[in-house]
$ cat protein-v7.cif   # mmCIF, C-alpha atoms
data_input
#
loop_
_atom_site.label_atom_id
_atom_site.label_comp_id
_atom_site.auth_asym_id
_atom_site.auth_seq_id
_atom_site.Cartn_x
_atom_site.Cartn_y
_atom_site.Cartn_z
CA THR K 1 35.03 -16.93 127.16
CA MET K 2 37.47 -14.70 125.39
CA HIS K 3 40.45 -13.22 127.16
CA ILE K 4 40.84 -9.44 126.85
CA LEU K 5 44.21 -9.84 125.08
CA GLN K 6 43.01 -12.61 122.79
CA PRO K 7 42.28 -11.48 119.22
CA LYS K 8 38.79 -12.12 117.87
CA HIS K 9 38.43 -15.52 116.14
CA SER K 10 35.47 -16.12 113.85
CA LYS K 11 34.52 -18.97 111.55
CA LEU K 12 34.09 -18.09 107.88
CA SER K 13 31.07 -19.44 106.02
CA GLU K 14 31.80 -21.95 103.26
CA LYS K 15 31.02 -19.22 100.69
CA ASP K 16 33.41 -16.71 102.33
CA SER K 17 36.10 -19.42 102.61
CA MET K 18 35.84 -20.19 98.89
CA GLU K 19 35.97 -16.47 97.99
CA LEU K 20 39.07 -15.96 100.16
CA LEU K 21 40.87 -18.95 98.62
CA LYS K 22 39.91 -17.90 95.09
CA LYS K 23 40.97 -14.28 95.67
CA SER K 24 44.27 -15.40 97.19
CA ASN K 25 44.72 -18.11 94.55
CA ILE K 26 45.55 -20.74 97.17
CA SER K 27 44.04 -23.97 98.47
CA LYS K 28 42.99 -24.70 102.06
CA SER K 29 46.09 -26.86 102.50
CA GLN K 30 48.27 -23.76 101.90
CA LEU K 31 46.73 -21.81 104.77
CA PRO K 32 48.50 -21.80 108.13
CA LYS K 33 46.98 -24.32 110.54
CA ILE K 34 45.23 -24.02 113.89
CA LEU K 35 44.56 -27.07 116.06
CA SER K 36 40.94 -28.07 116.63
CA SER K 37 41.83 -28.22 120.34
CA ASP K 38 42.83 -24.52 120.42
CA SER K 39 40.83 -22.79 123.15
CA ALA K 40 40.54 -19.61 121.06
CA LEU K 41 38.33 -21.30 118.45
CA PRO K 42 34.64 -20.44 118.37
CA GLU K 43 32.08 -23.15 119.24
CA ASN K 44 31.20 -25.79 116.62
CA CYS K 45 34.42 -25.55 114.61
CA LYS K 46 35.36 -28.67 112.73
CA ILE K 47 38.41 -29.81 110.81
CA GLY K 48 38.64 -27.97 107.49
CA ASP K 49 36.88 -24.80 108.68
CA VAL K 50 38.60 -21.51 107.88
CA ILE K 51 39.04 -19.16 110.84
CA LYS K 52 39.50 -15.39 110.55
CA ILE K 53 41.61 -13.84 113.31
CA GLU K 54 41.22 -10.10 113.79
CA ARG K 55 43.93 -8.10 115.52
CA THR K 56 44.54 -4.39 115.81
CA SER K 57 47.79 -3.05 114.41
CA PRO K 58 49.79 -0.47 116.39
CA ASP K 59 48.22 2.32 114.30
CA GLY K 60 44.74 1.11 115.25
CA LYS K 61 43.76 -0.50 111.96
CA PRO K 62 42.30 -4.02 111.95
CA VAL K 63 44.56 -6.75 110.53
CA PHE K 64 43.19 -10.13 109.45
CA TYR K 65 44.88 -13.52 109.55
CA TYR K 66 43.40 -16.77 108.33
CA ARG K 67 43.92 -20.33 109.59
CA VAL K 68 42.48 -23.71 108.67
CA VAL K 69 41.38 -26.02 111.48
CA VAL K 70 43.31 -29.31 111.65
#

$ encode --input "protein-v7.cif" --output "structure tokens"
Amino acid sequence: TMHILQPKHSKLSEKDSMELLKKSNISKSQLPKILSSDSALPENCKIGDVIKIERTSPDGKPVFYYRVVV
């Protein structure tokens, strides 16, 4: 269950992960890491998956962060 203050975490599909990496011109190893034991991760996440974290900025706009599961 998600805590009210916890930002939304979602797993990107392999296709979306590749598009993100290509657009950003980086490799998975250059993404910040998130531990596979992190309780915020969605079900069925495995090492190497790319996670999108959605927060709301002070002005109300959504802000996205990306992490790779290690």

$ resolve_selection --input "protein-v7.cif" --expression "the PyMOL selection byres ((chain K and resi 28) around 10)" --output "ChimeraX atom specification"
/K:17-18,20-21,26-27,29-33,48-50,67-69

$ residues_around --input "protein-v7.cif" --residues "K:Arg55" --least-positions-apart "6" --cutoff "12 Å" --atoms "only C-alpha atoms" --output "list in words"
Ile4, Leu5, Gln6, Pro7, Lys8, His9, Ser10, Lys61, Pro62, Val63, Phe64, Tyr65 and Tyr66 of chain K

$ atom_distance --input "protein-v7.cif" --atom1 "atom CA of K:Glu14" --atom2 "atom CA of K:Ser37"
20.8 Å

$ resolve_selection --input "protein-v7.cif" --expression "the PyMOL selection byres ((chain K and resi 40) around 8)" --output "count of residues only"
7

$ axis_aligned_box --input "protein-v7.cif" --around "stretch 4-23 of chain K" --padding-each-side "3 Å" --output "JSON"
{"center_x": 37.6, "center_y": -15.7, "center_z": 111.0, "size_x": 19.2, "size_y": 18.5, "size_z": 37.8}

$ atom_distance --input "protein-v7.cif" --atom1 "atom CA of K:Lys52" --atom2 "atom CA of K:Leu12"
6.6 Å

$ atom_distance --input "protein-v7.cif" --atom1 "atom CA of K:Leu35" --atom2 "atom CA of K:Val70"
5.1 Å
